[in-house]
Structures are given as structure tokens and as C-alpha cells.
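Shown below: structure.csv, with CSV, C-alpha atoms and all ligand atoms.
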chain,number,residue,atom,x,y,z
A,1,ILE,CA,76.7,45.2,-98.1
A,2,VAL,CA,78.6,43.3,-95.4
A,3,SER,CA,80.9,41.5,-97.8
A,4,ARG,CA,81.5,44.7,-99.8
A,5,ALA,CA,82.3,46.6,-96.6
A,6,LEU,CA,84.8,43.9,-95.5
A,7,GLN,CA,86.4,44.3,-98.9
A,8,THR,CA,86.3,48.1,-98.3
A,9,ASP,CA,84.5,48.3,-101.6
A,10,MET,CA,82.0,50.9,-100.5
A,11,VAL,CA,81.4,54.3,-101.9
A,12,ILE,CA,82.8,55.8,-98.7
A,13,PRO,CA,85.5,53.3,-97.7
A,14,ASN,CA,86.8,55.0,-94.6
A,15,TRP,CA,83.3,55.0,-93.1
A,16,ILE,CA,84.1,55.2,-89.4
A,17,THR,CA,86.5,58.2,-89.8
A,18,PHE,CA,83.9,59.8,-92.0
A,19,VAL,CA,81.1,59.3,-89.5
A,20,ASP,CA,83.3,60.7,-86.7
A,21,LYS,CA,83.7,63.9,-88.8
A,22,ILE,CA,80.0,64.2,-89.4
A,23,ARG,CA,79.4,63.7,-85.7
A,24,SER,CA,81.7,66.6,-84.7
A,25,LEU,CA,80.2,68.8,-87.4
A,26,TYR,CA,76.7,68.0,-86.0
A,27,GLN,CA,77.9,69.0,-82.5
A,28,GLU,CA,79.5,72.2,-83.8
A,29,CYS,CA,76.2,73.3,-85.5
A,30,LYS,CA,74.1,72.4,-82.5
A,31,GLU,CA,75.6,75.5,-80.8
A,32,ILE,CA,74.2,77.8,-83.4
A,33,ARG,CA,71.4,80.0,-82.0
A,34,ASP,CA,70.6,82.1,-85.2
A,35,GLY,CA,67.3,82.3,-87.0
A,36,GLN,CA,63.6,82.2,-86.3
A,37,VAL,CA,61.1,79.4,-86.5
A,38,ALA,CA,58.4,80.0,-89.2
A,39,THR,CA,55.3,81.6,-87.7
A,40,TYR,CA,52.8,82.0,-90.5
A,41,ILE,CA,50.9,79.0,-89.3
A,42,PRO,CA,50.6,77.8,-85.6
A,43,GLN,CA,51.7,74.2,-86.5
A,44,LEU,CA,55.1,75.5,-87.7
A,45,ALA,CA,55.4,78.2,-85.0
A,46,ARG,CA,55.1,75.5,-82.3
A,47,MET,CA,58.1,73.6,-83.4
A,48,SER,CA,61.0,73.6,-81.0
A,49,PRO,CA,64.0,75.7,-82.1
A,50,ASP,CA,66.2,73.2,-80.5
A,51,LEU,CA,65.3,70.3,-82.8
A,52,TRP,CA,68.4,69.4,-84.8
A,53,ALA,CA,68.9,66.2,-86.8
A,54,VAL,CA,71.3,65.0,-89.5
A,55,SER,CA,70.9,61.7,-91.4
A,56,LEU,CA,72.9,60.3,-94.3
A,57,CYS,CA,72.2,57.4,-96.6
A,58,THR,CA,74.8,56.4,-99.2
A,59,VAL,CA,74.0,54.9,-102.6
A,60,ASP,CA,75.2,51.6,-101.3
A,61,GLY,CA,72.9,51.8,-98.2
A,62,GLN,CA,75.2,52.8,-95.4
A,63,ARG,CA,73.4,54.9,-92.8
A,64,ALA,CA,74.4,57.4,-90.1
A,65,SER,CA,72.0,59.5,-88.1
A,66,PHE,CA,72.5,62.2,-85.3
A,67,GLY,CA,70.1,64.0,-83.1
A,68,ASP,CA,66.3,64.1,-83.4
A,69,VAL,CA,66.1,61.8,-86.4
A,70,LYS,CA,62.9,60.1,-85.4
A,71,ASN,CA,60.9,63.4,-85.0
A,72,HIS,CA,58.1,63.8,-87.5
A,73,PHE,CA,58.0,67.0,-89.6
A,74,CYS,CA,56.4,68.2,-92.8
A,75,VAL,CA,58.4,68.2,-96.0
A,76,GLN,CA,56.9,71.6,-97.0
A,77,SER,CA,58.8,72.9,-100.1
A,78,VAL,CA,61.1,69.9,-100.2
A,79,SER,CA,58.1,68.2,-101.8
A,80,LYS,CA,58.6,70.5,-104.8
A,81,ALA,CA,61.7,68.5,-105.9
A,82,PHE,CA,60.0,65.1,-105.6
A,83,ASN,CA,56.8,66.3,-107.3
A,84,TYR,CA,58.8,67.5,-110.2
A,85,ALA,CA,60.8,64.2,-110.4
A,86,ILE,CA,57.5,62.2,-110.3
A,87,VAL,CA,55.7,64.2,-113.0
A,88,ALA,CA,58.7,64.4,-115.2
A,89,SER,CA,59.1,60.6,-115.0
A,90,ASP,CA,55.4,60.3,-115.9
A,91,LEU,CA,55.2,62.8,-118.7
A,92,GLY,CA,58.7,63.6,-119.9
A,93,ALA,CA,60.6,66.8,-119.6
A,94,ASP,CA,59.3,68.3,-122.9
A,95,VAL,CA,55.7,68.2,-121.7
A,96,VAL,CA,56.5,69.4,-118.2
A,97,HIS,CA,58.6,72.3,-119.5
A,98,SER,CA,56.0,73.4,-121.9
A,99,TYR,CA,54.3,74.7,-118.7
A,100,VAL,CA,57.2,75.6,-116.4
A,101,GLY,CA,60.7,77.1,-117.2
A,102,GLN,CA,64.2,76.3,-115.8
A,103,GLU,CA,65.5,79.7,-114.9
A,104,PRO,CA,66.1,81.0,-111.3
A,105,SER,CA,63.5,83.8,-110.8
A,106,GLY,CA,65.7,86.1,-108.8
A,107,ARG,CA,62.5,86.9,-106.9
A,108,LEU,CA,61.0,85.7,-103.6
A,109,PHE,CA,59.6,82.1,-103.7
A,110,ASN,CA,56.0,83.2,-103.5
A,111,GLU,CA,56.1,86.3,-105.7
A,112,ILE,CA,53.3,87.0,-108.2
A,113,CYS,CA,55.3,87.0,-111.4
A,114,LEU,CA,55.9,84.9,-114.5
A,115,ASP,CA,58.8,84.7,-117.0
A,116,SER,CA,58.9,86.6,-120.4
A,117,THR,CA,56.9,83.7,-122.0
A,118,ASN,CA,54.2,83.9,-119.2
A,119,LYS,CA,55.3,80.6,-117.6
A,120,PRO,CA,56.3,80.2,-113.9
A,121,HIS,CA,60.1,80.5,-113.8
A,122,ASN,CA,60.9,77.0,-112.4
A,123,PRO,CA,59.4,74.1,-110.5
A,124,MET,CA,61.0,75.2,-107.2
A,125,VAL,CA,59.1,78.5,-106.7
A,126,ASN,CA,55.4,78.4,-105.6
A,127,SER,CA,54.0,79.3,-109.0
A,128,GLY,CA,55.9,76.5,-110.7
A,129,ALA,CA,55.3,74.0,-108.0
A,130,ILE,CA,51.5,74.7,-108.1
A,131,VAL,CA,51.5,74.1,-111.9
A,132,ILE,CA,53.7,71.0,-111.4
A,133,THR,CA,51.2,69.5,-108.9
A,134,SER,CA,48.3,70.3,-111.3
A,135,LEU,CA,50.1,68.1,-113.9
A,136,ILE,CA,50.4,65.0,-111.7
A,137,LYS,CA,47.9,62.3,-112.9
A,138,ASN,CA,45.4,65.0,-113.6
A,139,LYS,CA,42.9,62.8,-115.4
A,140,ILE,CA,41.9,60.9,-112.2
A,141,ASN,CA,40.1,62.0,-109.0
A,142,MET,CA,41.8,63.9,-106.2
A,143,ALA,CA,41.8,61.0,-103.7
A,144,ASP,CA,43.5,58.7,-106.2
A,145,ARG,CA,46.0,61.4,-107.1
A,146,PHE,CA,46.9,61.9,-103.5
A,147,ASP,CA,47.3,58.1,-103.0
A,148,TYR,CA,49.4,57.9,-106.1
A,149,VAL,CA,51.9,60.6,-104.9
A,150,LEU,CA,52.1,59.1,-101.4
A,151,ASN,CA,52.9,55.7,-102.8
A,152,GLN,CA,55.6,57.2,-105.0
A,153,TYR,CA,57.0,59.0,-101.9
A,154,ARG,CA,57.0,55.7,-100.1
A,155,LYS,CA,58.9,53.9,-102.9
A,156,ILE,CA,61.4,56.7,-103.0
A,157,ALA,CA,61.8,56.5,-99.2
A,158,GLY,CA,62.3,52.7,-99.3
A,159,ASN,CA,59.1,52.2,-97.3
A,160,GLU,CA,60.4,54.2,-94.4
A,161,TYR,CA,58.1,56.7,-92.6
A,162,ILE,CA,55.8,58.8,-94.8
A,163,GLY,CA,52.8,60.3,-93.0
A,164,PHE,CA,50.3,63.2,-93.4
A,165,ASN,CA,49.8,66.2,-91.0
A,166,ASN,CA,46.2,67.2,-91.4
A,167,ALA,CA,46.4,70.1,-89.0
A,168,THR,CA,49.2,71.6,-91.1
A,169,PHE,CA,47.2,71.1,-94.3
A,170,LEU,CA,44.1,72.8,-92.8
A,171,SER,CA,46.1,75.7,-91.5
A,172,GLU,CA,47.9,76.2,-94.8
A,173,ARG,CA,44.6,76.2,-96.6
A,174,ALA,CA,43.1,78.7,-94.2
A,175,THR,CA,46.0,81.2,-94.7
A,176,ALA,CA,46.4,80.7,-98.5
A,177,ASP,CA,45.7,84.2,-99.8
A,178,ARG,CA,49.0,84.7,-101.5
A,179,ASN,CA,48.9,81.2,-103.2
A,180,TYR,CA,45.3,81.9,-104.3
A,181,ALA,CA,46.3,85.3,-105.7
A,182,LEU,CA,49.2,83.6,-107.5
A,183,SER,CA,47.0,80.9,-108.9
A,184,TYR,CA,44.4,83.4,-110.2
A,185,PHE,CA,47.1,85.4,-111.8
A,186,MET,CA,48.4,82.2,-113.5
A,187,LYS,CA,44.9,81.2,-114.5
A,188,GLU,CA,44.5,84.6,-116.2
A,189,ASN,CA,47.7,83.9,-118.1
A,190,ARG,CA,46.6,80.3,-119.0
A,191,CYS,CA,49.4,78.6,-117.1
A,192,PHE,CA,47.4,75.6,-116.0
A,193,PRO,CA,46.7,72.4,-118.1
A,194,LYS,CA,43.2,72.2,-119.5
A,195,GLU,CA,42.4,69.4,-117.0
A,196,THR,CA,42.6,71.9,-114.1
A,197,GLU,CA,39.0,72.9,-113.5
A,198,SER,CA,39.2,73.9,-109.9
A,199,LEU,CA,41.9,76.1,-108.4
A,200,THR,CA,40.7,75.0,-105.0
A,201,ASP,CA,41.5,71.4,-105.8
A,202,ALA,CA,44.8,72.4,-107.4
A,203,LEU,CA,45.8,74.3,-104.3
A,204,ASP,CA,44.5,71.7,-101.9
A,205,PHE,CA,46.7,69.1,-103.6
A,206,TYR,CA,49.7,71.4,-103.4
A,207,PHE,CA,49.1,72.1,-99.7
A,208,GLN,CA,48.5,68.3,-99.0
A,209,LEU,CA,51.9,67.5,-100.5
A,210,CYS,CA,53.6,70.3,-98.4
A,211,SER,CA,51.9,68.6,-95.4
A,212,VAL,CA,53.4,65.1,-96.0
A,213,GLU,CA,55.3,64.1,-93.0
A,214,VAL,CA,58.7,62.4,-92.9
A,215,THR,CA,61.5,61.8,-90.5
A,216,CYS,CA,65.1,62.9,-91.0
A,217,GLU,CA,66.0,59.3,-91.7
A,218,SER,CA,63.2,58.7,-94.3
A,219,LEU,CA,63.9,61.9,-96.1
A,220,ALA,CA,67.6,61.0,-96.2
A,221,VAL,CA,66.7,57.8,-98.1
A,222,MET,CA,64.6,59.9,-100.5
A,223,ALA,CA,67.6,62.2,-101.1
A,224,SER,CA,69.7,59.1,-101.6
A,225,THR,CA,67.4,57.8,-104.3
A,226,LEU,CA,68.1,61.0,-106.2
A,227,ALA,CA,71.8,60.5,-105.6
A,228,ASN,CA,71.5,57.0,-107.0
A,229,GLY,CA,70.0,58.0,-110.4
A,230,GLY,CA,66.4,57.4,-109.2
A,231,VAL,CA,67.0,53.8,-107.8
A,232,CYS,CA,66.2,53.5,-104.1
A,233,PRO,CA,69.4,52.3,-102.4
A,234,ILE,CA,67.4,50.4,-99.8
A,235,THR,CA,65.0,48.4,-102.1
A,236,ASN,CA,66.8,48.7,-105.4
A,237,GLU,CA,63.6,49.7,-107.0
A,238,THR,CA,63.6,52.3,-109.8
A,239,CYS,CA,61.4,55.2,-108.6
A,240,VAL,CA,62.4,58.1,-110.8
A,241,ALA,CA,63.5,57.7,-114.4
A,242,PRO,CA,67.2,58.6,-115.1
A,243,ASN,CA,66.7,61.8,-117.1
A,244,PRO,CA,64.2,63.4,-114.7
A,245,CYS,CA,66.6,62.5,-111.9
A,246,ARG,CA,69.4,64.3,-113.6
A,247,ASP,CA,67.1,67.3,-114.4
A,248,VAL,CA,65.7,67.6,-110.8
A,249,LEU,CA,69.3,67.8,-109.5
A,250,SER,CA,70.1,70.6,-112.0
A,251,LEU,CA,67.0,72.5,-110.9
A,252,MET,CA,67.9,72.0,-107.2
A,253,TYR,CA,71.4,73.2,-107.9
A,254,SER,CA,70.2,76.4,-109.6
A,255,CYS,CA,66.9,77.1,-107.8
A,256,GLY,CA,66.6,74.9,-104.7
A,257,MET,CA,67.6,77.3,-101.9
A,258,TYR,CA,65.2,80.2,-102.7
A,259,ASP,CA,67.0,83.5,-103.2
A,260,ALA,CA,70.2,82.1,-101.7
A,261,SER,CA,70.5,79.5,-104.5
A,262,GLY,CA,73.4,81.3,-106.2
A,263,GLN,CA,75.3,81.7,-102.9
A,264,PHE,CA,74.6,78.1,-101.8
A,265,SER,CA,75.8,76.7,-105.2
A,266,PHE,CA,78.9,78.9,-104.9
A,267,ASN,CA,79.7,77.9,-101.3
A,268,VAL,CA,78.6,74.3,-101.3
A,269,GLY,CA,78.3,73.3,-105.0
A,270,LEU,CA,75.7,70.6,-104.4
A,271,PRO,CA,72.0,70.2,-105.4
A,272,ALA,CA,69.8,71.0,-102.4
A,273,LYS,CA,66.2,71.8,-101.5
A,274,SER,CA,64.9,73.5,-98.4
A,275,GLY,CA,61.5,74.1,-96.8
A,276,VAL,CA,59.9,76.4,-94.2
A,277,SER,CA,59.7,73.5,-91.6
A,278,GLY,CA,63.5,73.7,-91.5
A,279,ALA,CA,63.9,70.6,-93.6
A,280,MET,CA,66.6,70.4,-96.1
A,281,ILE,CA,68.0,67.7,-98.5
A,282,VAL,CA,71.4,67.8,-100.1
A,283,VAL,CA,72.5,65.3,-102.8
A,284,VAL,CA,76.1,64.2,-103.4
A,285,PRO,CA,75.5,62.5,-106.8
A,286,ASN,CA,76.6,58.9,-106.9
A,287,VAL,CA,77.7,59.1,-103.3
A,288,MET,CA,74.8,59.9,-100.8
A,289,GLY,CA,71.7,61.8,-99.8
A,290,ILE,CA,71.7,63.9,-96.7
A,291,CYS,CA,68.8,65.2,-94.8
A,292,LEU,CA,69.1,68.1,-92.3
A,293,PHE,CA,66.4,69.2,-90.0
A,294,SER,CA,66.3,72.3,-87.8
A,295,PRO,CA,63.4,74.7,-87.6
A,296,PRO,CA,65.1,78.2,-87.1
A,297,LEU,CA,65.3,79.8,-90.5
A,298,ASP,CA,67.5,82.7,-91.9
A,299,THR,CA,65.9,85.7,-93.6
A,300,LEU,CA,65.6,83.9,-96.9
A,301,GLY,CA,63.8,80.9,-95.4
A,302,ASN,CA,66.6,78.3,-95.2
A,303,SER,CA,67.5,76.4,-92.0
A,304,CYS,CA,70.4,78.2,-90.3
A,305,ARG,CA,72.0,75.0,-88.9
A,306,GLY,CA,71.3,73.2,-92.1
A,307,VAL,CA,73.1,75.8,-94.2
A,308,ALA,CA,76.0,76.1,-91.8
A,309,PHE,CA,76.4,72.3,-91.7
A,310,CYS,CA,76.6,72.2,-95.5
A,311,LYS,CA,79.2,75.0,-95.7
A,312,SER,CA,81.5,73.2,-93.2
A,313,PHE,CA,80.7,69.8,-94.8
A,314,PHE,CA,82.0,71.1,-98.1
A,315,GLN,CA,85.0,73.0,-96.8
A,316,LYS,CA,86.2,70.3,-94.3
A,317,LEU,CA,85.1,67.0,-95.7
A,318,VAL,CA,85.5,67.2,-99.4
A,319,SER,CA,88.9,65.6,-99.1
A,320,THR,CA,87.2,62.4,-97.7
A,321,PHE,CA,85.9,61.6,-101.2
A,322,ASN,CA,89.4,61.7,-102.7
B,401,LIG,O1,53.2,77.7,-100.2
B,401,LIG,C1,53.5,77.9,-99.0
B,401,LIG,O2,53.4,79.0,-98.5
B,401,LIG,C2,54.2,76.9,-98.2
B,401,LIG,N1,53.4,75.8,-97.8
B,401,LIG,C3,55.4,76.5,-98.9
B,401,LIG,C4,56.3,75.9,-98.1
B,401,LIG,C5,57.7,76.2,-98.2
B,401,LIG,O3,58.5,75.5,-97.7
B,401,LIG,C6,58.1,77.5,-99.0
B,401,LIG,N2,59.1,78.1,-98.3
B,401,LIG,N3,59.8,78.8,-97.8

Mind turning this structure into C-alpha cells?
Ligand code: DON
Amino acid sequence: IVSRALQTDMVIPNWITFVDKIRSLYQECKEIRDGQVATYIPQLARMSPDLWAVSLCTVDGQRASFGDVKNHFCVQSVSKAFNYAIVASDLGADVVHSYVGQEPSGRLFNEICLDSTNKPHNPMVNSGAIVITSLIKNKINMADRFDYVLNQYRKIAGNEYIGFNNATFLSERATADRNYALSYFMKENRCFPKETESLTDALDFYFQLCSVEVTCESLAVMASTLANGGVCPITNETCVAPNPCRDVLSLMYSCGMYDASGQFSFNVGLPAKSGVSGAMIVVVPNVMGICLFSPPLDTLGNSCRGVAFCKSFFQKLVSTFN
């Protein structure tokens, strides 16, 4: 990296100017006081609304981080993107999409509905994500399946911080009526693979993966692996196969920001995925992965500071790449 940097042969050659702009954007968005922290479980409700972190990792391994970047938080729905990438790498898109569609649902993320062929609309809404997790290594026991995904996350994160928040998992499970209702509805419509014998196991696995902990820095590396065609920029290890990597970015672009996905694609034009913890990843393909973290959410469930940052990033900084 050093020799390439000295030759200004990096993907963002004017790095110092670029980082200065990111710093001022970070400061600007810090002033935002909009939104509410998620309250449906105490573990999320207790998060400080003041937490605000931005971390970038380029495909050639340059890093920049601002704010509370070492704070641990749960990935929540951001896990949906990685779970899809992992299972599509294992089974191929044809198998995966025989269970789950590719269309934005136009409905809330946890709505009890299926598409016209009785499949979940896409892997980024709860219905699709629950079926996706039920496809991951479903011939082995639950403990080994959890280990498998955690190890995949660690590879994708270049061995940076990946943990597990058991309190969040237990709380999610204790307040899971909607996801249970959704899963029984899907069972009635034969949405699950034949290997899924227990809906409790299927949902526990889904909640466990929502309860995986990261930092803004480690999640930025994970986003950067997606920006880099599935190869982790820190370790050079291939973690996601090339086609699933392209496919997950398409799905993030069209469905990653809940009901605001169309608006976000229009305003920002980049694949992104958000979660109720206030976590968000944005991918600039072939350039970098970005992680934003700030708990207050807008009415559609996306981080207020995260979305504002992305809009300004696109409007003000796109010229940096020219
Ligand atoms: O399924 C749930 O209710 C949550 N654990 C999903 C988390 C999430 O981020 C969806 N978000 N708005």
C-alpha cells in the first residue's frame, strides 16, 4: 500500500483532501437531532441517541474513521445482506431464488405477505430473510450452523471485531410474535426448504444473526469486501463468490433501505442496507465500503444521520471520484 500510495496509484488518489471532506460531512451530520431510537426491545431502547460514527475502507485498504467507531452494536437487518451473500455463494442464485424473489415488496419490512408465486418478495424483508437463513447449511446442527456463519462474517470483516449480544437475542426472541406469525404463514404456503423442521430453530437462527455485534470499523471492512467483488481488502481472501456479490449489491440497491429504497436509490444511487440498531452500510463498487452508525431512526426505520450523510456524500463528493 505504501509504495502504491507514494506513486499516487490508489483508488482515491487525493486521499487527504477526501478525508477532510468526509470529516466536515461527519461534523455537519452530528448536529442532526431528528429521529427516535428503536424501542421494541430494551437493549435497543437503551442506546444513546448521541452515538454517531462513520468508517470507510477502500478496496485497496485505506481507512478513515470518525466518532464512536469502537462502540459495539448489533448488525440487525444489515445481516440480511451478508446472509444472502453467504448462502448464494454456497448454493448458487438459482437454488436460492427458487425460494425467494427479487422484487421490492412496496410493503413494510415485517408485513405478512408473499408475492404472486407465494414466495417472499426478496431477501431484504423479514419473510425473505427468515427463509434465507433457513437455507444456510441446513443439513448440519444449529451450533455448527451458527459457527459457520460467524466464521464467514469474520472472514468478510478481515478478522476485525465480530461478537454476539446474547441479551439482544433473548429479547428479540421474547418479543417475536410478528416474526412467528410471518413464519407460520410461510409454512402454510410451503415457503421453507424440506430440511426446516422447527420454526423455533429457524427463527432463533435469524434472531442470532441479527444479534451479531460489530463495530463501525469492522462493518466498514465487511462493506468493503462487497465493494471489492467479494475479496476482503485487508486479507485478500475471497469470501463471497463474484456473482452473488454482484447480486447482493443489486438487491441492496433496489430493496436495502426498506420502504425508502426507491427514494434512496434516486437520491444516492448506491447499494445500501440499514438496520434498526441505526447501523447502515453503503457500497461504492470498486472503490470502498462505508459504515454509518447512529441509533435515531426516521419513520421508515433508517438512521437519520446515516441517510443525511449519504445524500450529502453523493451531492458534494461525487466529483472526488472523477
Ligand atoms: O426481525 C426483527 O424484528 C428485527 N430483529 C429485524 C431487525 C431490523 O433491523 C429490521 N428493521 N428495521

Segment 48-50 of chain A environment, 9 Å, all atoms listed in the file, sequence neighbours closer than 4 positions dropped, as a list of chain:residue names
A:Lys30, A:Arg33, A:Gly35, A:Gln36, A:Val37, A:Ser294, A:Pro295, A:Pro296

Nearby polymer residues, ligand LIG 401 (chain B), at most 10 Å, all atoms listed in the file, as number ranges by chain:
A: 38, 40-41, 74-80, 108-110, 124-127, 129-130, 168-169, 171-173, 175-180, 203, 206-211, 257-258, 273-280, 297, 300-303

Can I get the selected residues back with C-alpha atoms, as an mmCIF file, in the frame of the given file?
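The resulting selection-v5.cif:
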data_model
loop_
_atom_site.group_PDB
_atom_site.id
_atom_site.type_symbol
_atom_site.label_atom_id
_atom_site.label_comp_id
_atom_site.auth_asym_id
_atom_site.auth_seq_id
_atom_site.Cartn_x
_atom_site.Cartn_y
_atom_site.Cartn_z
ATOM 1 C CA ALA A 38 58.400 80.000 -89.200
ATOM 2 C CA TYR A 40 52.800 82.000 -90.500
ATOM 3 C CA ILE A 41 50.900 79.000 -89.300
ATOM 4 C CA CYS A 74 56.400 68.200 -92.800
ATOM 5 C CA VAL A 75 58.400 68.200 -96.000
ATOM 6 C CA GLN A 76 56.900 71.600 -97.000
ATOM 7 C CA SER A 77 58.800 72.900 -100.100
ATOM 8 C CA VAL A 78 61.100 69.900 -100.200
ATOM 9 C CA SER A 79 58.100 68.200 -101.800
ATOM 10 C CA LYS A 80 58.600 70.500 -104.800
ATOM 11 C CA LEU A 108 61.000 85.700 -103.600
ATOM 12 C CA PHE A 109 59.600 82.100 -103.700
ATOM 13 C CA ASN A 110 56.000 83.200 -103.500
ATOM 14 C CA MET A 124 61.000 75.200 -107.200
ATOM 15 C CA VAL A 125 59.100 78.500 -106.700
ATOM 16 C CA ASN A 126 55.400 78.400 -105.600
ATOM 17 C CA SER A 127 54.000 79.300 -109.000
ATOM 18 C CA ALA A 129 55.300 74.000 -108.000
ATOM 19 C CA ILE A 130 51.500 74.700 -108.100
ATOM 20 C CA THR A 168 49.200 71.600 -91.100
ATOM 21 C CA PHE A 169 47.200 71.100 -94.300
ATOM 22 C CA SER A 171 46.100 75.700 -91.500
ATOM 23 C CA GLU A 172 47.900 76.200 -94.800
ATOM 24 C CA ARG A 173 44.600 76.200 -96.600
ATOM 25 C CA THR A 175 46.000 81.200 -94.700
ATOM 26 C CA ALA A 176 46.400 80.700 -98.500
ATOM 27 C CA ASP A 177 45.700 84.200 -99.800
ATOM 28 C CA ARG A 178 49.000 84.700 -101.500
ATOM 29 C CA ASN A 179 48.900 81.200 -103.200
ATOM 30 C CA TYR A 180 45.300 81.900 -104.300
ATOM 31 C CA LEU A 203 45.800 74.300 -104.300
ATOM 32 C CA TYR A 206 49.700 71.400 -103.400
ATOM 33 C CA PHE A 207 49.100 72.100 -99.700
ATOM 34 C CA GLN A 208 48.500 68.300 -99.000
ATOM 35 C CA LEU A 209 51.900 67.500 -100.500
ATOM 36 C CA CYS A 210 53.600 70.300 -98.400
ATOM 37 C CA SER A 211 51.900 68.600 -95.400
ATOM 38 C CA MET A 257 67.600 77.300 -101.900
ATOM 39 C CA TYR A 258 65.200 80.200 -102.700
ATOM 40 C CA LYS A 273 66.200 71.800 -101.500
ATOM 41 C CA SER A 274 64.900 73.500 -98.400
ATOM 42 C CA GLY A 275 61.500 74.100 -96.800
ATOM 43 C CA VAL A 276 59.900 76.400 -94.200
ATOM 44 C CA SER A 277 59.700 73.500 -91.600
ATOM 45 C CA GLY A 278 63.500 73.700 -91.500
ATOM 46 C CA ALA A 279 63.900 70.600 -93.600
ATOM 47 C CA MET A 280 66.600 70.400 -96.100
ATOM 48 C CA LEU A 297 65.300 79.800 -90.500
ATOM 49 C CA LEU A 300 65.600 83.900 -96.900
ATOM 50 C CA GLY A 301 63.800 80.900 -95.400
ATOM 51 C CA ASN A 302 66.600 78.300 -95.200
ATOM 52 C CA SER A 303 67.500 76.400 -92.000
#

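Shortest atom-to-atom contact with Val282 of chain A among A:Asn14, A:Thr225, A:Thr299, A:Gln152: A:Thr225, counting only C-alpha atoms.
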
For atom CA of Asp144 of chain A and atom CA of Glu160 of chain A, quote the distance in Å rounded to one decimal.
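Separating atom CA of Asp144 of chain A from atom CA of Glu160 of chain A is a distance of 21.1 Å.
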
Could you produce a table of the residues of segment 149-224 of chain A lying within 12 Å of segment 242-256 of chain A, with the nearest pair of atoms per residue and their separation in Å rounded to one decimal, using only C-alpha atoms, ordered by chain and increasing residue number, as a Markdown table?
| residue | atom | partner | partner_atom | distance |
| --- | --- | --- | --- | --- |
| A:Ile156 | CA | A:Cys245 | CA | 11.8 |
| A:Met222 | CA | A:Cys245 | CA | 11.9 |
| A:Ala223 | CA | A:Leu249 | CA | 10.2 |
| A:Ser224 | CA | A:Cys245 | CA | 11.3 |

What gap, in Å, lies between atom CA of Val287 of chain A and atom CA of Arg63 of chain A?
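Interatomic distance here is 12.1 Å.
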
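Excluding Ser55 of chain A itself and any same-chain residue fewer than 4 positions from it, the protein and nucleic acid residues within 10 Å of it, counting only C-alpha atoms, are Ile22, Arg63, Ala64, Ser65, Phe66, Gly67, Asp68, Val69, Thr215, Cys216, Glu217, Ser218, Leu219, Ala220, Val221, Ile281, Gly289, Ile290, Cys291, Leu292 and Phe293 of chain A.
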
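Going from atom CA of Asp115 of chain A over to atom CA of Gly101 of chain A, you cover 7.8 Å.
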
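Within 6 Å of the file-frame point (51.6, 70.8, -88.8), and using all atoms listed in the file, the polymer residues found are A:Gln43, A:Leu44, A:Asn165, A:Ala167, A:Thr168.
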
Only C-alpha atoms, please: the residues just picked out, written as a PDB file, in the frame of the given file.
ATOM      1  CA  GLN A  43      51.700  74.200 -86.500  1.00  0.00           C
ATOM      2  CA  LEU A  44      55.100  75.500 -87.700  1.00  0.00           C
ATOM      3  CA  ASN A 165      49.800  66.200 -91.000  1.00  0.00           C
ATOM      4  CA  ALA A 167      46.400  70.100 -89.000  1.00  0.00           C
ATOM      5  CA  THR A 168      49.200  71.600 -91.100  1.00  0.00           C
TER       6      THR A 168
END

Can I get the residues of segment 96-148 of chain A within 7 Å of segment 83-87 of chain A, each with the closest pair of atoms and their distance in Å to one decimal, using all atoms listed in the file, sorted chain first then ascending number, as a tab-separated table?
residue	atom	partner	partner_atom	distance
A:Pro123	CA	A:Tyr84	CA	6.6
A:Ile132	CA	A:Tyr84	CA	6.3
A:Thr133	CA	A:Asn83	CA	6.6
A:Leu135	CA	A:Val87	CA	6.9
A:Ile136	CA	A:Val87	CA	5.5

Distance criterion (all atoms listed in the file): nearest to His72 of chain A out of A:Val214, A:Ile140, A:Val283, A:Val268:
A:Val214
